$ cat input-v3.cif   # mmCIF, C-alpha atoms
data_my_file
#
loop_
_atom_site.group_PDB
_atom_site.id
_atom_site.type_symbol
_atom_site.label_atom_id
_atom_site.label_comp_id
_atom_site.auth_asym_id
_atom_site.auth_seq_id
_atom_site.Cartn_x
_atom_site.Cartn_y
_atom_site.Cartn_z
ATOM 1 C CA MET A 1 0.000 0.000 0.000
ATOM 2 C CA GLU A 2 1.295 3.430 -0.919
ATOM 3 C CA SER A 3 2.303 5.862 1.806
ATOM 4 C CA ARG A 4 -0.543 7.980 3.102
ATOM 5 C CA GLU A 5 -0.749 10.788 5.621
ATOM 6 C CA PHE A 6 -3.522 10.566 8.191
ATOM 7 C CA ARG A 7 -4.924 13.694 9.794
ATOM 8 C CA ASP A 8 -6.843 11.596 12.324
ATOM 9 C CA ARG A 9 -5.919 8.258 13.821
ATOM 10 C CA TYR A 10 -9.418 6.850 14.200
ATOM 11 C CA VAL A 11 -12.462 6.814 11.942
ATOM 12 C CA ASN A 12 -15.277 9.309 12.436
ATOM 13 C CA PRO A 13 -18.335 7.252 13.510
ATOM 14 C CA TYR A 14 -20.680 10.017 12.333
ATOM 15 C CA THR A 15 -19.769 9.288 8.727
ATOM 16 C CA ASP A 16 -21.804 6.692 6.879
ATOM 17 C CA PHE A 17 -18.686 4.588 6.236
ATOM 18 C CA GLY A 18 -17.419 4.829 9.820
ATOM 19 C CA PHE A 19 -20.732 3.947 11.438
ATOM 20 C CA LYS A 20 -21.360 0.943 9.214
ATOM 21 C CA LYS A 21 -17.790 -0.337 9.520
ATOM 22 C CA LEU A 22 -17.991 -0.349 13.318
ATOM 23 C CA PHE A 23 -21.592 -1.479 13.768
ATOM 24 C CA GLY A 24 -22.879 -2.825 10.464
ATOM 25 C CA THR A 25 -20.496 -5.644 9.562
ATOM 26 C CA GLU A 26 -20.592 -9.286 10.570
ATOM 27 C CA ILE A 27 -16.967 -9.257 11.687
ATOM 28 C CA ASN A 28 -17.698 -6.447 14.158
ATOM 29 C CA LYS A 29 -21.159 -7.441 15.333
ATOM 30 C CA ASP A 30 -19.887 -8.027 18.889
ATOM 31 C CA LEU A 31 -19.314 -4.244 19.014
ATOM 32 C CA LEU A 32 -22.976 -3.674 18.215
ATOM 33 C CA ILE A 33 -24.058 -6.298 20.767
ATOM 34 C CA SER A 34 -22.015 -4.634 23.502
ATOM 35 C CA PHE A 35 -23.374 -1.190 22.606
ATOM 36 C CA ILE A 36 -27.009 -2.327 22.583
ATOM 37 C CA ASN A 37 -26.647 -4.192 25.876
ATOM 38 C CA SER A 38 -25.141 -1.100 27.486
ATOM 39 C CA LEU A 39 -28.249 0.878 26.471
ATOM 40 C CA LEU A 40 -30.611 -1.660 27.998
ATOM 41 C CA HIS A 41 -28.757 -1.813 31.326
ATOM 42 C CA GLY A 42 -29.105 -5.587 31.552
ATOM 43 C CA ARG A 43 -32.893 -5.668 31.066
ATOM 44 C CA GLU A 44 -32.661 -7.412 27.718
ATOM 45 C CA VAL A 45 -29.402 -9.254 27.183
ATOM 46 C CA VAL A 46 -28.583 -9.714 23.499
ATOM 47 C CA LYS A 47 -26.414 -12.785 23.034
ATOM 48 C CA ASP A 48 -26.317 -12.868 19.245
ATOM 49 C CA LEU A 49 -27.474 -10.799 16.277
ATOM 50 C CA THR A 50 -28.293 -11.466 12.661
ATOM 51 C CA TYR A 51 -28.017 -8.599 10.184
ATOM 52 C CA LEU A 52 -31.077 -8.052 7.990
ATOM 53 C CA ASN A 53 -31.621 -6.221 4.723
ATOM 54 C CA THR A 54 -31.421 -2.462 5.324
ATOM 55 C CA GLU A 55 -33.516 -1.474 2.296
ATOM 56 C CA HIS A 56 -37.283 -1.788 2.601
ATOM 57 C CA LEU A 57 -40.208 -1.034 0.336
ATOM 58 C CA GLY A 58 -43.713 -0.153 1.414
ATOM 59 C CA ILE A 59 -46.796 -2.265 0.835
ATOM 60 C CA SER A 60 -47.287 -0.923 -2.688
ATOM 61 C CA GLU A 61 -44.858 0.278 -5.352
ATOM 62 C CA ALA A 62 -46.021 3.841 -4.754
ATOM 63 C CA ASP A 63 -44.992 3.723 -1.093
ATOM 64 C CA ARG A 64 -41.868 5.532 0.007
ATOM 65 C CA LYS A 65 -38.728 3.413 0.390
ATOM 66 C CA ALA A 66 -36.899 3.273 3.720
ATOM 67 C CA VAL A 67 -33.156 2.652 4.013
ATOM 68 C CA PHE A 68 -31.919 1.861 7.498
ATOM 69 C CA ASP A 69 -28.361 2.361 8.749
ATOM 70 C CA VAL A 70 -28.237 -0.919 10.680
ATOM 71 C CA TYR A 71 -31.088 -3.423 10.967
ATOM 72 C CA CYS A 72 -30.824 -6.721 12.800
ATOM 73 C CA GLU A 73 -32.613 -9.204 15.041
ATOM 74 C CA ASN A 74 -31.464 -10.977 18.180
ATOM 75 C CA GLU A 75 -31.614 -14.671 19.004
ATOM 76 C CA ASN A 76 -35.255 -14.281 20.097
ATOM 77 C CA GLY A 77 -36.353 -12.773 16.799
ATOM 78 C CA GLU A 78 -36.730 -9.278 18.243
ATOM 79 C CA LYS A 79 -36.019 -6.528 15.708
ATOM 80 C CA ILE A 80 -33.468 -3.801 16.377
ATOM 81 C CA LEU A 81 -33.027 -0.771 14.154
ATOM 82 C CA VAL A 82 -30.059 1.523 14.829
ATOM 83 C CA GLU A 83 -29.893 4.936 13.140
ATOM 84 C CA MET A 84 -27.149 7.548 13.216
ATOM 85 C CA GLN A 85 -29.011 10.840 12.712
ATOM 86 C CA ARG A 86 -26.377 13.423 11.883
ATOM 87 C CA GLY A 87 -28.561 16.533 11.805
ATOM 88 C CA ILE A 88 -31.921 17.640 13.087
ATOM 89 C CA GLN A 89 -34.917 16.963 10.903
ATOM 90 C CA GLN A 90 -38.165 18.864 11.121
ATOM 91 C CA TYR A 91 -40.141 15.654 11.645
ATOM 92 C CA PHE A 92 -37.535 13.302 13.039
ATOM 93 C CA LYS A 93 -40.021 11.764 15.512
ATOM 94 C CA ASP A 94 -42.441 11.100 12.660
ATOM 95 C CA ARG A 95 -39.577 9.501 10.740
ATOM 96 C CA SER A 96 -38.841 7.187 13.691
ATOM 97 C CA LEU A 97 -42.480 6.106 13.852
ATOM 98 C CA TYR A 98 -42.599 5.571 10.091
ATOM 99 C CA TYR A 99 -39.456 3.446 10.169
ATOM 100 C CA ALA A 100 -40.878 1.422 13.066
ATOM 101 C CA THR A 101 -43.771 0.301 10.870
ATOM 102 C CA PHE A 102 -41.476 -1.756 8.639
ATOM 103 C CA PRO A 103 -40.155 -4.225 11.277
ATOM 104 C CA ILE A 104 -43.710 -4.431 12.633
ATOM 105 C CA ARG A 105 -45.475 -5.069 9.332
ATOM 106 C CA GLU A 106 -42.965 -7.601 8.070
ATOM 107 C CA GLN A 107 -43.900 -9.881 10.968
ATOM 108 C CA GLY A 108 -47.356 -10.375 9.450
ATOM 109 C CA GLN A 109 -48.063 -13.939 8.412
ATOM 110 C CA LYS A 110 -50.284 -15.317 5.686
ATOM 111 C CA GLY A 111 -53.198 -17.513 6.612
ATOM 112 C CA GLU A 112 -54.271 -17.925 10.207
ATOM 113 C CA TRP A 113 -52.313 -15.678 12.546
ATOM 114 C CA ASP A 114 -53.043 -14.423 16.056
ATOM 115 C CA TYR A 115 -51.175 -11.070 15.612
ATOM 116 C CA GLN A 116 -48.549 -11.886 18.213
ATOM 117 C CA LEU A 117 -45.517 -9.667 17.578
ATOM 118 C CA LYS A 118 -41.877 -9.747 18.579
ATOM 119 C CA SER A 119 -40.432 -6.676 20.270
ATOM 120 C CA VAL A 120 -39.097 -3.824 18.126
ATOM 121 C CA TYR A 121 -36.382 -1.403 19.270
ATOM 122 C CA ILE A 122 -35.643 1.832 17.423
ATOM 123 C CA ILE A 123 -32.324 3.330 18.540
ATOM 124 C CA GLY A 124 -31.470 6.843 17.398
ATOM 125 C CA ILE A 125 -27.971 8.221 17.956
ATOM 126 C CA LEU A 126 -28.623 11.933 17.507
ATOM 127 C CA ASN A 127 -25.918 14.438 16.645
ATOM 128 C CA PHE A 128 -28.287 17.204 17.749
ATOM 129 C CA THR A 129 -30.595 18.061 20.642
ATOM 130 C CA PHE A 130 -34.380 18.204 20.617
ATOM 131 C CA ASP A 131 -35.159 18.617 24.322
ATOM 132 C CA LYS A 132 -34.113 22.206 25.038
ATOM 133 C CA ASP A 133 -35.558 22.272 28.558
ATOM 134 C CA ASN A 134 -33.401 19.564 30.159
ATOM 135 C CA ASP A 135 -29.680 20.045 29.603
ATOM 136 C CA ASN A 136 -28.639 16.902 31.506
ATOM 137 C CA TYR A 137 -31.359 14.582 30.199
ATOM 138 C CA PHE A 138 -29.968 12.946 27.068
ATOM 139 C CA HIS A 139 -31.013 9.262 27.279
ATOM 140 C CA HIS A 140 -34.672 9.038 26.279
ATOM 141 C CA GLU A 141 -36.535 5.719 26.410
ATOM 142 C CA VAL A 142 -40.061 5.992 25.029
ATOM 143 C CA GLN A 143 -42.927 3.481 25.107
ATOM 144 C CA LEU A 144 -46.707 3.624 24.808
ATOM 145 C CA PHE A 145 -48.293 4.298 28.175
ATOM 146 C CA ASP A 146 -51.724 4.991 29.680
ATOM 147 C CA ASN A 147 -52.237 8.702 30.404
ATOM 148 C CA GLN A 148 -54.451 7.956 33.386
ATOM 149 C CA THR A 149 -52.518 5.224 35.173
ATOM 150 C CA LYS A 150 -49.071 6.326 33.928
ATOM 151 C CA GLU A 151 -48.277 2.647 33.371
ATOM 152 C CA VAL A 152 -46.751 1.175 30.223
ATOM 153 C CA PHE A 153 -49.559 0.069 27.910
ATOM 154 C CA TYR A 154 -47.375 -1.771 25.376
ATOM 155 C CA ASP A 155 -43.793 -2.765 26.087
ATOM 156 C CA LYS A 156 -42.908 -4.353 22.754
ATOM 157 C CA LEU A 157 -42.201 -1.083 20.956
ATOM 158 C CA THR A 158 -39.348 0.962 22.403
ATOM 159 C CA PHE A 159 -37.726 4.112 21.050
ATOM 160 C CA ILE A 160 -34.322 5.026 22.473
ATOM 161 C CA TYR A 161 -32.884 8.444 21.646
ATOM 162 C CA LEU A 162 -29.390 9.570 22.618
ATOM 163 C CA GLU A 163 -28.792 13.335 22.408
ATOM 164 C CA MET A 164 -25.041 13.107 21.930
ATOM 165 C CA PRO A 165 -24.182 16.842 22.187
ATOM 166 C CA LYS A 166 -25.435 16.792 25.787
ATOM 167 C CA PHE A 167 -22.990 14.073 26.835
ATOM 168 C CA ASN A 168 -19.906 15.915 28.043
ATOM 169 C CA LYS A 169 -18.355 13.598 30.623
ATOM 170 C CA THR A 170 -14.579 13.358 30.681
ATOM 171 C CA GLU A 171 -12.624 10.113 30.751
ATOM 172 C CA ASP A 172 -12.191 10.327 34.524
ATOM 173 C CA GLU A 173 -15.947 10.648 35.051
ATOM 174 C CA LEU A 174 -16.988 7.463 33.219
ATOM 175 C CA THR A 175 -18.721 4.965 35.517
ATOM 176 C CA ASP A 176 -20.193 2.152 33.390
ATOM 177 C CA MET A 177 -20.262 0.633 29.900
ATOM 178 C CA PHE A 178 -23.096 2.881 28.788
ATOM 179 C CA GLU A 179 -21.091 6.019 29.514
ATOM 180 C CA LYS A 180 -17.965 4.503 28.001
ATOM 181 C CA TRP A 181 -19.760 3.787 24.742
ATOM 182 C CA LEU A 182 -21.162 7.303 24.581
ATOM 183 C CA PHE A 183 -17.697 8.703 25.273
ATOM 184 C CA VAL A 184 -16.303 6.676 22.366
ATOM 185 C CA LEU A 185 -19.020 7.790 19.960
ATOM 186 C CA ARG A 186 -18.640 11.428 20.954
ATOM 187 C CA ASN A 187 -14.831 11.573 20.903
ATOM 188 C CA LEU A 188 -13.428 8.752 18.754
ATOM 189 C CA SER A 189 -12.298 10.833 15.777
ATOM 190 C CA ARG A 190 -10.531 13.303 18.100
ATOM 191 C CA LEU A 191 -8.526 10.701 20.018
ATOM 192 C CA MET A 192 -4.899 9.950 19.236
ATOM 193 C CA GLU A 193 -4.603 6.991 21.597
ATOM 194 C CA ARG A 194 -6.838 4.616 23.477
ATOM 195 C CA PRO A 195 -8.003 6.139 26.799
ATOM 196 C CA LYS A 196 -6.922 4.301 29.931
ATOM 197 C CA ALA A 197 -10.526 4.130 31.121
ATOM 198 C CA LEU A 198 -11.470 1.928 28.156
ATOM 199 C CA GLN A 199 -9.562 -1.242 28.968
ATOM 200 C CA GLU A 200 -12.358 -3.747 28.314
ATOM 201 C CA ARG A 201 -11.607 -6.301 25.594
ATOM 202 C CA ILE A 202 -14.453 -5.034 23.425
ATOM 203 C CA PHE A 203 -12.766 -1.639 23.160
ATOM 204 C CA THR A 204 -9.516 -3.297 22.114
ATOM 205 C CA LYS A 205 -11.382 -4.607 19.092
ATOM 206 C CA LEU A 206 -13.116 -1.292 18.482
ATOM 207 C CA PHE A 207 -9.914 0.742 18.381
ATOM 208 C CA GLU A 208 -8.285 -1.819 16.088
ATOM 209 C CA ALA A 209 -11.262 -1.693 13.711
ATOM 210 C CA ALA A 210 -11.349 2.115 13.838
ATOM 211 C CA GLU A 211 -7.670 2.732 13.094
ATOM 212 C CA ILE A 212 -7.467 4.395 9.701
ATOM 213 C CA ALA A 213 -3.887 3.257 9.049
ATOM 214 C CA LYS A 214 -5.124 -0.343 8.924
ATOM 215 C CA PHE A 215 -7.698 0.325 6.201
ATOM 216 C CA THR A 216 -7.204 -1.212 2.784
ATOM 217 C CA LYS A 217 -6.872 1.224 -0.107
ATOM 218 C CA VAL A 218 -10.507 0.638 -1.060
ATOM 219 C CA GLU A 219 -11.637 1.221 2.532
ATOM 220 C CA TYR A 220 -9.528 4.355 2.798
ATOM 221 C CA ASP A 221 -10.858 5.796 -0.451
ATOM 222 C CA ASN A 222 -14.442 5.013 0.566
ATOM 223 C CA TYR A 223 -13.886 6.603 3.956
ATOM 224 C CA GLU A 224 -12.362 9.753 2.456
ATOM 225 C CA GLU A 225 -15.384 10.116 0.172
ATOM 226 C CA SER A 226 -17.763 9.530 3.083
ATOM 227 C CA LEU A 227 -15.850 12.038 5.220
ATOM 228 C CA LYS A 228 -15.996 14.651 2.447
ATOM 229 C CA ILE A 229 -19.760 14.219 2.147
ATOM 230 C CA TYR A 230 -20.134 14.536 5.924
ATOM 231 C CA ARG A 231 -17.978 17.675 6.114
ATOM 232 C CA ASP A 232 -19.713 19.331 3.155
ATOM 233 C CA TRP A 233 -23.099 18.523 4.636
ATOM 234 C CA LYS A 234 -22.112 19.777 8.098
ATOM 235 C CA ASN A 235 -20.670 22.983 6.675
ATOM 236 C CA THR A 236 -23.860 23.574 4.680
ATOM 237 C CA ILE A 237 -25.999 23.048 7.779
ATOM 238 C CA ASP A 238 -23.817 25.264 10.001
ATOM 239 C CA THR A 239 -23.633 28.047 7.423
ATOM 240 C CA ALA A 240 -27.347 27.964 6.693
ATOM 241 C CA LYS A 241 -28.195 28.088 10.400
ATOM 242 C CA LYS A 242 -25.896 31.067 10.888
ATOM 243 C CA ILE A 243 -27.346 32.939 7.917
ATOM 244 C CA SER A 244 -30.890 32.109 8.968
ATOM 245 C CA TRP A 245 -30.354 33.297 12.526
ATOM 246 C CA GLU A 246 -28.502 36.483 11.618
ATOM 247 C CA GLU A 247 -30.835 37.583 8.865
ATOM 248 C CA GLY A 248 -33.965 36.510 10.702
ATOM 249 C CA HIS A 249 -32.795 38.261 13.849
ATOM 250 C CA GLU A 250 -32.132 41.519 12.009
ATOM 251 C CA LYS A 251 -35.400 41.348 10.122
ATOM 252 C CA GLY A 252 -37.267 40.564 13.324
ATOM 253 C CA LYS A 253 -35.716 43.542 15.105
ATOM 254 C CA GLU A 254 -36.644 45.877 12.267
ATOM 255 C CA GLU A 255 -40.221 44.741 11.897
ATOM 256 C CA GLY A 256 -40.905 43.241 15.300
ATOM 257 C CA LYS A 257 -42.914 40.503 13.657
ATOM 258 C CA GLU A 258 -42.677 36.735 13.243
ATOM 259 C CA GLU A 259 -43.262 37.286 9.538
ATOM 260 C CA GLY A 260 -39.773 38.740 9.280
ATOM 261 C CA ARG A 261 -38.124 35.493 10.321
ATOM 262 C CA GLU A 262 -40.403 33.442 8.078
ATOM 263 C CA GLU A 263 -39.614 35.662 5.107
ATOM 264 C CA LYS A 264 -35.881 35.342 5.709
ATOM 265 C CA ALA A 265 -36.216 31.570 6.045
ATOM 266 C CA ALA A 266 -37.902 31.550 2.648
ATOM 267 C CA GLU A 267 -35.171 33.750 1.169
ATOM 268 C CA MET A 268 -32.466 31.474 2.546
ATOM 269 C CA ALA A 269 -34.300 28.442 1.196
ATOM 270 C CA ARG A 270 -34.489 30.000 -2.258
ATOM 271 C CA SER A 271 -30.752 30.705 -2.202
ATOM 272 C CA LEU A 272 -29.859 27.184 -1.129
ATOM 273 C CA LYS A 273 -32.276 25.733 -3.682
ATOM 274 C CA ALA A 274 -30.598 27.786 -6.421
ATOM 275 C CA GLU A 275 -27.239 26.328 -5.352
ATOM 276 C CA GLY A 276 -28.577 22.803 -5.795
ATOM 277 C CA VAL A 277 -28.728 21.884 -2.094
ATOM 278 C CA PRO A 278 -31.084 18.880 -1.571
ATOM 279 C CA VAL A 279 -34.599 19.797 -0.434
ATOM 280 C CA ASN A 280 -34.436 17.647 2.717
ATOM 281 C CA ILE A 281 -31.300 19.491 3.902
ATOM 282 C CA ILE A 282 -32.881 22.885 3.127
ATOM 283 C CA ALA A 283 -35.874 21.832 5.235
ATOM 284 C CA LYS A 284 -33.614 21.022 8.195
ATOM 285 C CA CYS A 285 -31.859 24.375 7.926
ATOM 286 C CA SER A 286 -34.825 26.654 7.321
ATOM 287 C CA GLY A 287 -37.572 25.040 9.353
ATOM 288 C CA LEU A 288 -39.806 25.044 6.278
ATOM 289 C CA SER A 289 -41.527 21.901 5.069
ATOM 290 C CA GLU A 290 -40.405 20.196 1.863
ATOM 291 C CA ASP A 291 -43.760 21.131 0.296
ATOM 292 C CA GLN A 292 -43.186 24.801 1.136
ATOM 293 C CA ILE A 293 -39.693 24.671 -0.342
ATOM 294 C CA ASN A 294 -40.915 22.984 -3.537
ATOM 295 C CA THR A 295 -43.328 25.855 -4.119
ATOM 296 C CA LEU A 296 -40.653 28.563 -3.808
#
$ encode --input "input-v3.cif" --output "structure tokens"
Amino acid sequence: MESREFRDRYVNPYTDFGFKKLFGTEINKDLLISFINSLLHGREVVKDLTYLNTEHLGISEADRKAVFDVYCENENGEKILVEMQRGIQQYFKDRSLYYATFPIREQGQKGEWDYQLKSVYIIGILNFTFDKDNDNYFHHEVQLFDNQTKEVFYDKLTFIYLEMPKFNKTEDELTDMFEKWLFVLRNLSRLMERPKALQERIFTKLFEAAEIAKFTKVEYDNYEESLKIYRDWKNTIDTAKKISWEEGHEKGKEEGKEEGREEKAAEMARSLKAEGVPVNIIAKCSGLSEDQINTL
């Protein structure tokens, strides 16, 4: 392999390539098992996983297609969907519910069937925050519950959301495997050596798998392309947010009306649309719906 210079030692798990290399390959599935078990705090111990097809079609040809990051089932046939969500989406909760319908519906059986379902877990690793009122509350576990009794109504559908920007513990503050995994996800691409606090065998394998110098040429080229896409996307999001806030703030001060911010959001959306930025990214930046953007 030709000589290459590496700016970082370890892969960025927020890239599509990095996330799937660490958690979406058969050779590294014990990493995914350890991560999932750390989320469940021993309630549901996953002993083995089988990777499933990540591309799903709806009931009819006209239905929207869903492509999952990682989709698998454990030894009990329970479905687990793991998504790395790199930026906020206007309807990210709706998206989670929509994606949950696929592992539910595919359990349907022809002929006589009593509708008994296996559990479904939707795990979202979020590179953004959605709960602005609770700075220290970043591990959300959501199930259907009865409003009157406050008891869980249905425990076979669980949504787990991790607001990664809120996790700011240092290496010395880590207390369990859950916190260690979050520390790795948050800091991996910035590390130059394996932290002393992460001495478990599973992290030995993780750091070996994540070391960029050990990539084949094909892996390295794919990672560089994935990293470029991630950086371009992140820069577009950050720039659009800055422009939207600054222009909306100035317009709002001048007019003292909500319409000022909405008008500036529309102007920003038009500019981004003219530059060829995808509609879904413009929607995330501007707060407008895709239908609103399409009519601009």
$ atom_distance --input "input-v3.cif" --atom1 "CA of Leu206 in chain A" --atom2 "CA of Leu22 in chain A"
7.2 Å
$ closest_residue --input "input-v3.cif" --among "A:Ser119, A:Glu163, A:Thr158, A:Ala283" --to "Lys132 in chain A" --atoms "only C-alpha atoms"
A:Glu163
$ closest_residue --input "input-v3.cif" --among "A:Tyr230, A:Tyr137, A:Phe68, A:Phe128" --to "Pro103 in chain A" --atoms "all atoms listed in the file"
A:Phe68
$ resolve_selection --input "input-v3.cif" --expression "the PyMOL selection byres ((chain A and resi 83) around 8)" --output "ChimeraX atom specification"
/A:68-70,81-82,84-85,122-125
$ write_last_selection --input "input-v3.cif" --atoms "C-alpha atoms" --output "PDB file, in the coordinates of the input"
ATOM      1  CA  PHE A  68     -31.919   1.861   7.498  1.00  0.00           C
ATOM      2  CA  ASP A  69     -28.361   2.361   8.749  1.00  0.00           C
ATOM      3  CA  VAL A  70     -28.237  -0.919  10.680  1.00  0.00           C
ATOM      4  CA  LEU A  81     -33.027  -0.771  14.154  1.00  0.00           C
ATOM      5  CA  VAL A  82     -30.059   1.523  14.829  1.00  0.00           C
ATOM      6  CA  MET A  84     -27.149   7.548  13.216  1.00  0.00           C
ATOM      7  CA  GLN A  85     -29.011  10.840  12.712  1.00  0.00           C
ATOM      8  CA  ILE A 122     -35.643   1.832  17.423  1.00  0.00           C
ATOM      9  CA  ILE A 123     -32.324   3.330  18.540  1.00  0.00           C
ATOM     10  CA  GLY A 124     -31.470   6.843  17.398  1.00  0.00           C
ATOM     11  CA  ILE A 125     -27.971   8.221  17.956  1.00  0.00           C
TER      12      ILE A 125
END
$ resolve_selection --input "input-v3.cif" --expression "the PyMOL selection byres ((chain A and resi 185-200) around 9)" --output "number ranges by chain"
A: 8-14, 127, 164-165, 167-168, 171-172, 174, 180-184, 201-204, 207, 210
$ closest_residue --input "input-v3.cif" --among "A:Ala100, A:Ile243, A:Ile237, A:Leu52" --to "Gly24 in chain A" --atoms "all atoms listed in the file"
A:Leu52
$ residues_near_point --input "input-v3.cif" --point "(-25.1, 19.3, 7.0)" --cutoff "10 Å" --atoms "only C-alpha atoms" --output "ChimeraX atom specification"
/A:86-88,229-241,281-282,284-285
$ resolve_selection --input "input-v3.cif" --expression "the PyMOL selection byres ((chain A and resi 99) around 10)" --output "list in words"
His56, Lys65, Ala66, Val67, Phe68, Leu81, Lys93, Asp94, Arg95, Ser96, Leu97, Tyr98, Ala100, Thr101, Phe102, Pro103, Ile104 and Ile122 of chain A
$ write_last_selection --input "input-v3.cif" --atoms "C-alpha atoms" --output "tab-separated table (two decimals), keeping the file's coordinate frame"
chain	number	residue	atom	x	y	z
A	56	HIS	CA	-37.28	-1.79	2.60
A	65	LYS	CA	-38.73	3.41	0.39
A	66	ALA	CA	-36.90	3.27	3.72
A	67	VAL	CA	-33.16	2.65	4.01
A	68	PHE	CA	-31.92	1.86	7.50
A	81	LEU	CA	-33.03	-0.77	14.15
A	93	LYS	CA	-40.02	11.76	15.51
A	94	ASP	CA	-42.44	11.10	12.66
A	95	ARG	CA	-39.58	9.50	10.74
A	96	SER	CA	-38.84	7.19	13.69
A	97	LEU	CA	-42.48	6.11	13.85
A	98	TYR	CA	-42.60	5.57	10.09
A	100	ALA	CA	-40.88	1.42	13.07
A	101	THR	CA	-43.77	0.30	10.87
A	102	PHE	CA	-41.48	-1.76	8.64
A	103	PRO	CA	-40.16	-4.22	11.28
A	104	ILE	CA	-43.71	-4.43	12.63
A	122	ILE	CA	-35.64	1.83	17.42
$ atom_distance --input "input-v3.cif" --atom1 "CA of Asp30 in chain A" --atom2 "CA of Thr15 in chain A"
20.1 Å
$ residues_near_point --input "input-v3.cif" --point "(-24.9, -6.4, 22.4)" --cutoff "8 Å" --atoms "all atoms listed in the file" --output "JSON, numbers by chain"
{"A": [30, 31, 32, 33, 34, 35, 36, 37, 38, 45, 46, 47, 48, 49]}
$ write_last_selection --input "input-v3.cif" --atoms "C-alpha atoms" --output "compact mmCIF listing (two decimals), in the frame of the given file"
# COMPACT_ATOMS: atom_id res chain seq x y z
CA ASP A 30 -19.89 -8.03 18.89
CA LEU A 31 -19.31 -4.24 19.01
CA LEU A 32 -22.98 -3.67 18.22
CA ILE A 33 -24.06 -6.30 20.77
CA SER A 34 -22.02 -4.63 23.50
CA PHE A 35 -23.37 -1.19 22.61
CA ILE A 36 -27.01 -2.33 22.58
CA ASN A 37 -26.65 -4.19 25.88
CA SER A 38 -25.14 -1.10 27.49
CA VAL A 45 -29.40 -9.25 27.18
CA VAL A 46 -28.58 -9.71 23.50
CA LYS A 47 -26.41 -12.78 23.03
CA ASP A 48 -26.32 -12.87 19.24
CA LEU A 49 -27.47 -10.80 16.28
$ axis_aligned_box --input "input-v3.cif" --around "range 103-110 of chain A" --padding-each-side "6 Å" --output "AutoDock Vina command-line options"
--center_x -45.2 --center_y -9.8 --center_z 9.2 --size_x 22.1 --size_y 23.1 --size_z 18.9
$ decode --input "input-v3.cif" --residues "range 25-35 of chain A" --atoms "N, CA, C and O atoms" --output "CSV table (one decimal), in the first residue's frame"
chain,number,residue,atom,x,y,z
A,25,THR,N,-21.2,-4.5,10.2
A,25,THR,CA,-20.5,-5.6,9.6
A,25,THR,C,-20.5,-6.9,10.5
A,25,THR,O,-20.4,-6.8,11.7
A,26,GLU,N,-20.6,-8.0,9.8
A,26,GLU,CA,-20.6,-9.3,10.6
A,26,GLU,C,-19.4,-9.5,11.4
A,26,GLU,O,-19.5,-9.9,12.6
A,27,ILE,N,-18.2,-9.1,10.9
A,27,ILE,CA,-17.0,-9.3,11.7
A,27,ILE,C,-16.9,-8.4,13.0
A,27,ILE,O,-16.2,-8.8,13.9
A,28,ASN,N,-17.7,-7.3,13.0
A,28,ASN,CA,-17.7,-6.4,14.2
A,28,ASN,C,-19.0,-6.5,14.9
A,28,ASN,O,-19.3,-5.5,15.7
A,29,LYS,N,-19.8,-7.5,14.7
A,29,LYS,CA,-21.2,-7.4,15.3
A,29,LYS,C,-21.1,-7.5,16.9
A,29,LYS,O,-22.0,-7.1,17.5
A,30,ASP,N,-20.0,-8.0,17.4
A,30,ASP,CA,-19.9,-8.0,18.9
A,30,ASP,C,-19.8,-6.6,19.4
A,30,ASP,O,-20.1,-6.3,20.6
A,31,LEU,N,-19.3,-5.6,18.6
A,31,LEU,CA,-19.3,-4.2,19.0
A,31,LEU,C,-20.8,-3.7,19.2
A,31,LEU,O,-21.1,-3.1,20.1
A,32,LEU,N,-21.6,-4.1,18.2
A,32,LEU,CA,-23.0,-3.7,18.2
A,32,LEU,C,-23.7,-4.3,19.4
A,32,LEU,O,-24.5,-3.7,20.1
A,33,ILE,N,-23.4,-5.6,19.6
A,33,ILE,CA,-24.1,-6.3,20.8
A,33,ILE,C,-23.7,-5.6,22.1
A,33,ILE,O,-24.6,-5.4,22.9
A,34,SER,N,-22.4,-5.3,22.3
A,34,SER,CA,-22.0,-4.6,23.5
A,34,SER,C,-22.7,-3.3,23.6
A,34,SER,O,-23.2,-2.9,24.7
A,35,PHE,N,-22.8,-2.5,22.6
A,35,PHE,CA,-23.4,-1.2,22.6
A,35,PHE,C,-24.8,-1.3,23.0
A,35,PHE,O,-25.3,-0.6,23.8
